[in-house]
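Coordinates as given in model.txt (compact mmCIF, C-alpha atoms and all ligand atoms):
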```
# COMPACT_ATOMS: atom_id res chain seq x y z
CA MET V 1 -58.57 -134.12 165.13
CA LEU V 2 -55.81 -132.43 167.11
CA ASN V 3 -52.66 -132.13 165.08
CA LYS V 4 -49.77 -129.85 165.84
CA ASP V 5 -50.86 -127.16 163.38
CA LYS V 6 -54.10 -126.51 165.19
CA ILE V 7 -54.49 -123.29 167.07
CA VAL V 8 -55.95 -123.72 170.53
CA LEU V 9 -57.61 -120.82 172.32
CA THR V 10 -59.09 -120.45 175.72
CA GLY V 11 -60.23 -117.71 178.04
CA ILE V 12 -60.08 -117.98 181.81
CA LYS V 13 -62.46 -115.85 183.80
CA PRO V 14 -60.80 -114.11 186.74
CA THR V 15 -63.18 -115.36 189.40
CA GLY V 16 -61.14 -116.11 192.49
CA MET V 17 -59.63 -119.32 193.73
CA PRO V 18 -60.31 -122.53 191.85
CA HIS V 19 -61.12 -125.82 193.56
CA LEU V 20 -60.05 -129.39 192.87
CA GLY V 21 -63.03 -129.93 190.56
CA ASN V 22 -61.96 -127.00 188.33
CA TYR V 23 -58.43 -128.36 188.35
CA ILE V 24 -59.29 -131.91 187.36
CA GLY V 25 -62.03 -130.98 184.89
CA ALA V 26 -60.50 -127.97 183.19
CA LEU V 27 -57.11 -126.68 184.32
CA LYS V 28 -55.15 -129.93 184.28
CA PRO V 29 -56.16 -130.89 180.71
CA LEU V 30 -55.59 -127.30 179.60
CA ILE V 31 -52.10 -127.18 181.03
CA GLU V 32 -51.20 -130.61 179.67
CA ARG V 33 -52.38 -129.54 176.23
CA SER V 34 -50.32 -126.36 176.47
CA ARG V 35 -47.19 -128.49 176.09
CA GLY V 36 -48.09 -129.57 172.56
CA PHE V 37 -50.00 -126.79 170.83
CA LYS V 38 -49.77 -123.20 169.91
CA THR V 39 -52.20 -121.78 172.41
CA PHE V 40 -53.72 -118.40 172.95
CA MET V 41 -54.72 -118.21 176.58
CA PHE V 42 -56.02 -115.03 178.08
CA ILE V 43 -57.49 -113.86 181.33
CA ALA V 44 -60.97 -112.70 180.36
CA ASP V 45 -61.05 -109.49 182.38
CA LEU V 46 -63.43 -107.78 179.94
CA HIS V 47 -65.90 -110.60 180.43
CA ALA V 48 -65.65 -110.10 184.18
CA LEU V 49 -66.76 -106.48 183.83
CA ASN V 50 -70.41 -107.36 183.50
CA THR V 51 -70.48 -108.60 187.07
CA MET V 52 -67.45 -107.06 188.79
CA HIS V 53 -67.38 -103.32 189.18
CA ASN V 54 -64.39 -102.94 191.44
CA PRO V 55 -61.13 -102.39 189.50
CA ASP V 56 -58.90 -103.50 192.39
CA GLU V 57 -60.82 -106.73 192.62
CA ILE V 58 -60.57 -107.39 188.87
CA ARG V 59 -56.86 -106.65 188.96
CA GLU V 60 -56.22 -108.95 191.90
CA HIS V 61 -58.32 -111.76 190.42
CA THR V 62 -56.51 -111.40 187.12
CA TYR V 63 -53.17 -111.88 188.88
CA GLN V 64 -54.57 -114.88 190.72
CA ALA V 65 -55.83 -116.47 187.52
CA ALA V 66 -52.48 -115.95 185.78
CA ALA V 67 -50.44 -117.10 188.79
CA LYS V 68 -52.49 -120.24 189.12
CA VAL V 69 -51.93 -121.48 185.55
CA LEU V 70 -48.25 -120.52 185.72
CA ALA V 71 -47.77 -122.27 189.06
CA LEU V 72 -49.47 -125.39 187.74
CA GLY V 73 -46.90 -125.66 184.98
CA LEU V 74 -48.24 -123.82 181.94
CA ASP V 75 -45.82 -124.04 179.02
CA THR V 76 -45.21 -120.40 178.19
CA GLU V 77 -43.20 -121.28 175.09
CA ASN V 78 -46.20 -122.68 173.22
CA THR V 79 -48.72 -120.63 175.11
CA MET V 80 -49.21 -116.91 174.83
CA LEU V 81 -50.69 -115.91 178.16
CA PHE V 82 -52.12 -112.39 178.22
CA ARG V 83 -54.81 -110.07 179.51
CA GLN V 84 -57.81 -109.91 177.21
CA SER V 85 -58.05 -106.15 177.72
CA ASP V 86 -54.44 -105.60 176.62
CA ILE V 87 -55.22 -106.30 172.97
CA PRO V 88 -57.09 -103.24 171.65
CA GLU V 89 -58.28 -105.05 168.51
CA ILE V 90 -60.73 -107.05 170.63
CA TYR V 91 -62.91 -103.99 171.31
CA GLN V 92 -62.97 -103.19 167.62
CA LEU V 93 -63.83 -106.65 166.43
CA ASN V 94 -66.55 -106.80 169.07
CA THR V 95 -68.11 -103.64 167.65
CA LEU V 96 -67.93 -104.93 164.09
CA LEU V 97 -69.42 -108.32 164.95
CA MET V 98 -72.41 -106.61 166.62
CA ASN V 99 -73.67 -105.88 163.13
CA VAL V 100 -73.80 -109.44 161.93
CA THR V 101 -75.17 -110.96 165.14
CA PRO V 102 -78.93 -111.51 165.20
CA LYS V 103 -80.52 -110.18 168.38
CA GLY V 104 -82.54 -113.39 168.60
CA LEU V 105 -79.34 -115.34 169.09
CA MET V 106 -78.58 -113.33 172.22
CA ASN V 107 -82.13 -113.85 173.49
CA ARG V 108 -81.44 -117.58 173.43
CA ALA V 109 -78.14 -117.44 175.37
CA HIS V 110 -78.25 -119.64 178.47
CA SER V 111 -76.70 -117.03 180.74
CA TYR V 112 -79.18 -114.35 179.72
CA LYS V 113 -82.10 -116.77 179.93
CA ALA V 114 -81.01 -117.80 183.42
CA ALA V 115 -81.01 -114.15 184.50
CA MET V 116 -84.49 -113.66 182.97
CA ASP V 117 -85.89 -116.80 184.59
CA LYS V 118 -84.63 -115.65 187.98
CA ASN V 119 -86.31 -112.28 187.50
CA ILE V 120 -89.56 -113.89 186.43
CA ALA V 121 -89.48 -116.19 189.47
CA ASN V 122 -88.96 -113.12 191.68
CA ASN V 123 -91.76 -111.18 190.00
CA ALA V 124 -89.24 -108.57 188.85
CA ASP V 125 -88.90 -106.95 185.45
CA VAL V 126 -87.44 -109.60 183.09
CA ASP V 127 -84.36 -107.49 182.44
CA ALA V 128 -83.75 -106.30 186.00
CA GLY V 129 -80.01 -106.27 186.75
CA VAL V 130 -79.10 -107.27 183.19
CA ASN V 131 -76.53 -104.97 181.60
CA MET V 132 -75.59 -104.98 177.92
CA GLY V 133 -72.25 -106.57 178.80
CA LEU V 134 -74.10 -109.63 180.02
CA TYR V 135 -76.58 -109.57 177.16
CA THR V 136 -73.89 -109.33 174.47
CA TYR V 137 -71.37 -111.52 176.32
CA PRO V 138 -71.46 -114.17 173.55
CA ILE V 139 -70.47 -111.58 170.91
CA LEU V 140 -67.34 -110.64 172.85
CA MET V 141 -66.57 -114.31 173.26
CA ALA V 142 -67.03 -114.88 169.51
CA ALA V 143 -64.67 -111.96 168.93
CA ASP V 144 -62.09 -113.63 171.21
CA ILE V 145 -62.28 -116.86 169.32
CA LEU V 146 -62.31 -115.36 165.80
CA LEU V 147 -59.66 -112.70 166.43
CA TYR V 148 -56.97 -115.35 166.94
CA ASN V 149 -58.11 -117.76 164.19
CA ALA V 150 -58.73 -120.51 166.71
CA ASP V 151 -59.32 -124.03 165.44
CA VAL V 152 -60.20 -125.57 168.76
CA VAL V 153 -61.65 -124.10 171.92
CA PRO V 154 -61.50 -126.28 175.04
CA VAL V 155 -64.32 -125.27 177.37
CA GLY V 156 -66.56 -126.65 180.08
CA SER V 157 -69.97 -127.89 178.95
CA ASP V 158 -71.55 -124.65 180.22
CA GLN V 159 -69.64 -122.74 177.53
CA LYS V 160 -70.47 -124.99 174.58
CA GLN V 161 -73.35 -122.81 173.44
CA HIS V 162 -71.05 -119.80 173.31
CA VAL V 163 -68.64 -121.56 170.97
CA GLU V 164 -71.58 -122.61 168.81
CA PHE V 165 -72.66 -118.96 168.68
CA ALA V 166 -69.15 -118.05 167.54
CA ARG V 167 -69.58 -120.55 164.70
CA ASP V 168 -72.99 -119.10 163.85
CA ILE V 169 -71.60 -115.58 163.79
CA ALA V 170 -68.57 -116.63 161.70
CA GLY V 171 -70.81 -118.50 159.28
CA HIS V 172 -73.16 -115.57 158.93
CA PHE V 173 -70.24 -113.22 158.35
CA ASN V 174 -68.65 -115.48 155.73
CA HIS V 175 -71.96 -115.73 153.95
CA LEU V 176 -72.34 -111.96 153.79
CA TYR V 177 -68.75 -110.96 153.11
CA GLY V 178 -66.98 -113.99 151.71
CA ASP V 179 -64.66 -116.41 153.42
CA THR V 180 -63.08 -114.44 156.25
CA PHE V 181 -63.23 -116.56 159.40
CA LYS V 182 -62.21 -120.10 160.22
CA MET V 183 -64.81 -122.32 161.91
CA PRO V 184 -63.81 -123.03 165.51
CA THR V 185 -64.61 -126.36 167.15
CA PRO V 186 -65.37 -126.72 170.85
CA ILE V 187 -63.66 -129.45 172.87
CA ILE V 188 -65.75 -130.22 175.90
CA GLY V 189 -64.00 -131.43 179.05
CA SER V 190 -65.59 -134.86 179.50
CA GLU V 191 -64.70 -135.14 183.14
CA SER V 192 -65.98 -131.84 184.42
CA GLY V 193 -69.37 -132.93 185.71
CA LEU V 194 -68.19 -135.95 187.63
CA ILE V 195 -65.81 -134.75 190.31
CA PRO V 196 -67.48 -135.27 193.70
CA GLY V 197 -67.23 -132.68 196.47
CA LEU V 198 -67.10 -133.11 200.25
CA ASP V 199 -70.73 -134.27 200.42
CA GLY V 200 -70.55 -136.58 197.40
CA ARG V 201 -72.50 -134.25 195.11
CA LYS V 202 -70.72 -132.62 192.16
CA MET V 203 -67.97 -130.32 193.48
CA SER V 204 -69.33 -126.83 193.02
CA LYS V 205 -69.16 -123.46 194.70
CA SER V 206 -72.94 -123.35 194.72
CA TYR V 207 -73.09 -126.50 196.90
CA ASP V 208 -70.43 -125.20 199.26
CA ASN V 209 -68.67 -128.57 199.09
CA THR V 210 -65.39 -127.64 197.44
CA ILE V 211 -61.79 -128.42 198.30
CA PRO V 212 -59.62 -125.41 197.44
CA LEU V 213 -56.79 -126.07 195.00
CA LEU V 214 -53.93 -123.98 196.35
CA ALA V 215 -54.93 -123.45 199.98
CA PRO V 216 -52.33 -123.86 202.75
CA GLU V 217 -51.55 -127.43 203.73
CA GLY V 218 -53.47 -127.29 207.01
CA GLU V 219 -56.63 -126.14 205.30
CA LEU V 220 -56.35 -128.81 202.62
CA LYS V 221 -56.01 -131.47 205.30
CA LYS V 222 -58.95 -130.14 207.31
CA LYS V 223 -61.20 -130.20 204.24
CA ILE V 224 -60.19 -133.68 203.18
CA MET V 225 -60.83 -135.00 206.69
CA ARG V 226 -64.34 -133.60 206.35
CA ILE V 227 -65.29 -135.74 203.33
CA ILE V 228 -68.56 -137.47 204.12
CA THR V 229 -68.44 -141.26 204.05
CA ASP V 230 -70.86 -144.07 204.85
CA SER V 231 -70.68 -145.77 208.26
CA LYS V 232 -68.70 -148.88 207.34
CA THR V 233 -66.23 -149.99 210.03
CA PRO V 234 -62.51 -150.22 209.19
CA ASP V 235 -62.73 -153.99 208.79
CA GLU V 236 -65.53 -154.01 206.25
CA PRO V 237 -64.79 -154.17 202.52
CA LYS V 238 -65.67 -150.94 200.73
CA ASP V 239 -66.63 -150.02 197.19
CA PRO V 240 -64.03 -147.64 195.67
CA GLU V 241 -66.35 -146.66 192.82
CA THR V 242 -68.86 -145.01 195.16
CA SER V 243 -66.26 -143.47 197.46
CA THR V 244 -65.51 -139.78 197.09
CA ILE V 245 -62.07 -140.46 198.58
CA PHE V 246 -61.17 -142.92 195.88
CA GLN V 247 -62.76 -140.87 193.09
CA LEU V 248 -60.54 -137.92 194.00
CA TYR V 249 -57.43 -140.07 194.50
CA LYS V 250 -57.74 -141.39 190.94
CA HIS V 251 -56.85 -138.01 189.48
CA PHE V 252 -53.60 -137.60 191.37
CA ALA V 253 -52.01 -141.04 191.51
CA THR V 254 -50.29 -143.37 189.06
CA ASP V 255 -52.09 -146.40 187.60
CA SER V 256 -50.37 -148.83 189.97
CA GLU V 257 -51.10 -146.65 193.00
CA ILE V 258 -54.75 -146.45 191.94
CA ALA V 259 -54.98 -150.23 191.57
CA GLU V 260 -53.40 -150.73 194.98
CA PHE V 261 -55.70 -148.21 196.67
CA ALA V 262 -58.76 -149.84 195.06
CA ASP V 263 -57.56 -153.14 196.41
CA MET V 264 -57.25 -151.77 199.93
CA PHE V 265 -60.86 -150.60 199.71
CA LYS V 266 -62.14 -153.95 198.50
CA ARG V 267 -60.09 -156.08 200.89
CA GLY V 268 -61.35 -154.36 204.01
CA GLY V 269 -59.10 -153.48 206.92
CA MET V 270 -58.64 -149.84 205.96
CA GLY V 271 -60.78 -147.29 207.78
CA TYR V 272 -61.99 -144.11 206.11
CA GLY V 273 -59.71 -142.02 208.35
CA THR V 274 -56.67 -143.84 206.98
CA ALA V 275 -57.98 -143.56 203.44
CA LYS V 276 -58.40 -139.82 203.88
CA THR V 277 -54.86 -139.48 205.19
CA ILE V 278 -53.54 -141.34 202.15
CA LEU V 279 -55.61 -139.08 199.89
CA PHE V 280 -54.35 -135.95 201.64
CA GLU V 281 -50.73 -137.02 201.35
CA LYS V 282 -51.12 -137.77 197.67
CA ILE V 283 -52.84 -134.50 196.79
CA ASN V 284 -50.48 -132.54 198.96
CA ALA V 285 -47.44 -134.07 197.29
CA VAL V 286 -48.79 -133.07 193.87
CA LEU V 287 -49.83 -129.56 194.88
CA GLU V 288 -47.04 -128.61 197.26
CA LYS V 289 -44.75 -127.12 194.60
CA PRO V 290 -47.50 -125.33 192.67
CA ARG V 291 -48.75 -123.85 195.95
CA GLU V 292 -45.31 -122.48 196.77
CA GLU V 293 -44.86 -121.16 193.26
CA TYR V 294 -48.30 -119.55 193.36
CA GLU V 295 -47.45 -117.78 196.58
CA ARG V 296 -44.10 -116.70 195.22
CA LEU V 297 -45.67 -115.23 192.08
CA MET V 298 -48.33 -113.40 194.05
CA GLU V 299 -45.52 -111.77 196.03
CA ASN V 300 -43.76 -110.85 192.78
CA LYS V 301 -46.51 -109.40 190.65
CA SER V 302 -44.07 -107.61 188.38
CA GLU V 303 -43.01 -111.05 187.19
CA ILE V 304 -46.61 -111.83 186.26
CA ASP V 305 -46.90 -108.45 184.54
CA ALA V 306 -43.82 -109.23 182.46
CA ILE V 307 -45.18 -112.62 181.39
CA LEU V 308 -48.56 -111.12 180.47
CA ALA V 309 -46.91 -108.29 178.55
CA LYS V 310 -44.76 -110.71 176.61
CA GLY V 311 -47.82 -112.86 175.84
CA ALA V 312 -49.72 -109.82 174.57
CA GLU V 313 -46.80 -108.79 172.42
CA ARG V 314 -46.71 -112.21 170.79
CA ALA V 315 -50.50 -112.46 170.36
CA ARG V 316 -51.09 -109.00 168.99
CA PRO V 317 -49.80 -109.41 165.41
CA THR V 318 -52.44 -112.09 164.80
CA ALA V 319 -55.12 -109.78 166.18
CA ILE V 320 -53.99 -106.90 163.98
CA GLU V 321 -53.93 -109.09 160.90
CA THR V 322 -57.43 -110.46 161.52
CA LEU V 323 -58.92 -107.08 162.26
CA GLU V 324 -57.50 -105.68 159.02
CA ARG V 325 -58.98 -108.57 157.08
CA VAL V 326 -62.39 -107.98 158.69
CA LYS V 327 -62.34 -104.23 158.12
CA ARG V 328 -61.40 -104.73 154.50
CA ALA V 329 -64.25 -107.21 154.07
CA MET V 330 -66.84 -104.94 155.70
CA LEU V 331 -65.72 -101.44 154.85
CA GLY V 332 -63.74 -101.91 151.67
N1 LIG T 401 -66.83 -117.40 179.05
C1 LIG T 401 -65.74 -118.23 179.49
C2 LIG T 401 -66.07 -118.69 180.93
O1 LIG T 401 -66.94 -118.14 181.56
C3 LIG T 401 -64.43 -117.48 179.48
C4 LIG T 401 -64.08 -117.07 178.09
C5 LIG T 401 -64.09 -115.80 177.61
C6 LIG T 401 -63.69 -117.91 177.03
N2 LIG T 401 -63.72 -115.80 176.30
C7 LIG T 401 -63.48 -117.07 175.91
C8 LIG T 401 -63.50 -119.30 176.91
C9 LIG T 401 -63.09 -117.59 174.67
C10 LIG T 401 -63.10 -119.79 175.68
C11 LIG T 401 -62.92 -118.95 174.57
O2 LIG T 401 -65.44 -119.60 181.41
```
Now, as a test, write the supplied structure out as structure tokens.
Ligand code: TRP
Amino acid sequence: MLNKDKIVLTGIKPTGMPHLGNYIGALKPLIERSRGFKTFMFIADLHALNTMHNPDEIREHTYQAAAKVLALGLDTENTMLFRQSDIPEIYQLNTLLMNVTPKGLMNRAHSYKAAMDKNIANNADVDAGVNMGLYTYPILMAADILLYNADVVPVGSDQKQHVEFARDIAGHFNHLYGDTFKMPTPIIGSESGLIPGLDGRKMSKSYDNTIPLLAPEGELKKKIMRIITDSKTPDEPKDPETSTIFQLYKHFATDSEIAEFADMFKRGGMGYGTAKTILFEKINAVLEKPREEYERLMENKSEIDAILAKGAERARPTAIETLERVKRAMLG
């Protein structure tokens, strides 16, 4: 389905430091794909507004999000990296799409329903703490996707419904006004649910079991040494498939290294402490350069600004063209 002519689009929410699970499930495939396809990639600072009300925090998190993808090797030739809020056409398309989006669709959005359920459980008003930014979040996301004529939208499984809403909205629009929008297709990261954290459960901020992606070496080591294992002695054979250590190692090593490590588990003779050290050294070798580059960029924010400005400049003509098409269709 993916040929070179396809336009890829993705938004990255500026929400602080990612962990290894985010990297393996989402960032790594995204960055690898950036080498082959024309990609619109933006930092979704407008989407962050419905929860973050501190401009300094949004600004800092936006830099962090940009620095992290750049440090991890984003191809900025194929990829236009920009700030969502830097393209004024997005606000306009958002307003226009409001008028073809059924309210019922928003009522069914997972994120809004989760907020309602929490309120109901707490005996609060169903809409307590819900602003219109949160309620209409999927319309803004549809505007993102449709503004840049995206063919494919790689997202985590939690975002699949939003891409489906974008299709619904595009379909509804095309039905009313004639063929105006392309139908975007979601690509769901298959791996994202399966990366184990320190305690063996899915790596997730909400379980407090994450390993930070670009933390200093000492912190990375400390975390890895804290991975929970069973109580097998060094001599006993171990099952790599059920070991968090091995499951993480798999994503950083070559095929032959993986086979060899699996063998060391099965043969017995390797204690978990040794296995953790091997894992640490592997991950550290892969992340050492990105970590340095991340730190360098965060010290040189004007460099990030220049990259984001250039990305916006390249992305904007598409946005202008789409918005004109939509205005013509709706307003004559
Ligand atoms: N909602 C996405 C998230 O929370 C971020 C996002 C905003 C996005 N706009 C998008 C993703 C458009 C893909 C396409 O992760």
Residues up to 10 Å from ligand LIG 401 (chain T), counting only C-alpha atoms and all ligand atoms: could you list those as a PyMOL selection string?
chain V and resi 8-15+26+40-48+84+111+137-146+150+152-160+162-163+166+184+186
Write out as a PyMOL selection string which residues come within 12 Å of Tyr63 (chain V) when counting all atoms listed in the file, dropping same-chain ones fewer than 2 positions away.
chain V and resi 12-17+42-45+56-61+65-71+81-83+294-295+297-308
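If you look at CA of Gly273 (chain V) and CA of Tyr249 (chain V), they are 14.2 Å away from each other.
Nearest to Leu213 (chain V) of all the residues V:Gly73, V:Pro290, V:Gly311, V:Gly133 is V:Pro290, counting only C-alpha atoms.
Compared by their closest atoms to Ile31 (chain V), and using all atoms listed in the file, the residues V:Ala309, V:Leu72, V:Met52, V:Ile169 rank with V:Leu72 nearest.
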Please provide the set of residues having any atom within 12 Å of Gly197 (chain V), restricted to all atoms listed in the file, with same-chain residues fewer than 2 positions apart removed, written as an NGL selection string.
:V and (19-22 or 193-195 or 199-212 or 223-224 or 226-229 or 243-248)
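Across the structure, CA of Thr101 (chain V) and CA of Gly178 (chain V) are spaced 16.0 Å apart.
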Mind listing whatever residues come within 6 Å of the point (-46.1, -126.3, 176.8)? Use all atoms listed in the file, file coordinates, and give them as a PyMOL selection string.
chain V and resi 34-36+75+78
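Put simply, CA of Thr95 (chain V) is 17.6 Å away from CA of Asn149 (chain V).
Here the question is which of V:Thr318, V:Glu241, V:Thr277, V:Asn50 gets nearest to Ala262 (chain V) using all atoms listed in the file, and that residue is V:Glu241.
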Lys118 (chain V) environment, 12 Å, all atoms listed in the file, sequence neighbours closer than 6 positions dropped, as a PyMOL selection string
chain V and resi 111-112+124-130
How big is the axis-aligned box, and where does its centre sit, when it encloses all atoms of region 219-223 of chain V listed in the file and has 6 Å added on every side, reported in Å to one decimal as lines of an AutoDock Vina configuration file?
```
center_x = -58.6
center_y = -128.8
center_z = 205.0
size_x = 17.2
size_y = 17.3
size_z = 16.7
```
Counting only C-alpha atoms, note down every residue that has an atom within 10 Å of the point (-64.0, -151.5, 203.3) (file coordinates), as a CSV table (one decimal) with C-alpha atoms, keeping the file's coordinate frame.
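The result, stored in selection-v3.csv:
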```csv
chain,number,residue,atom,x,y,z
V,232,LYS,CA,-68.7,-148.9,207.3
V,233,THR,CA,-66.2,-150.0,210.0
V,234,PRO,CA,-62.5,-150.2,209.2
V,235,ASP,CA,-62.7,-154.0,208.8
V,236,GLU,CA,-65.5,-154.0,206.2
V,237,PRO,CA,-64.8,-154.2,202.5
V,238,LYS,CA,-65.7,-150.9,200.7
V,239,ASP,CA,-66.6,-150.0,197.2
V,240,PRO,CA,-64.0,-147.6,195.7
V,262,ALA,CA,-58.8,-149.8,195.1
V,263,ASP,CA,-57.6,-153.1,196.4
V,264,MET,CA,-57.2,-151.8,199.9
V,265,PHE,CA,-60.9,-150.6,199.7
V,266,LYS,CA,-62.1,-154.0,198.5
V,267,ARG,CA,-60.1,-156.1,200.9
V,268,GLY,CA,-61.4,-154.4,204.0
V,269,GLY,CA,-59.1,-153.5,206.9
V,270,MET,CA,-58.6,-149.8,206.0
V,271,GLY,CA,-60.8,-147.3,207.8
V,272,TYR,CA,-62.0,-144.1,206.1
V,275,ALA,CA,-58.0,-143.6,203.4
```
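Near region 104-106 of chain V, within 7 Å and counting all atoms listed in the file, sit Pro102, Arg108, Ala109, Tyr135 and Thr136 of chain V; same-chain residues fewer than 2 positions away were not included.
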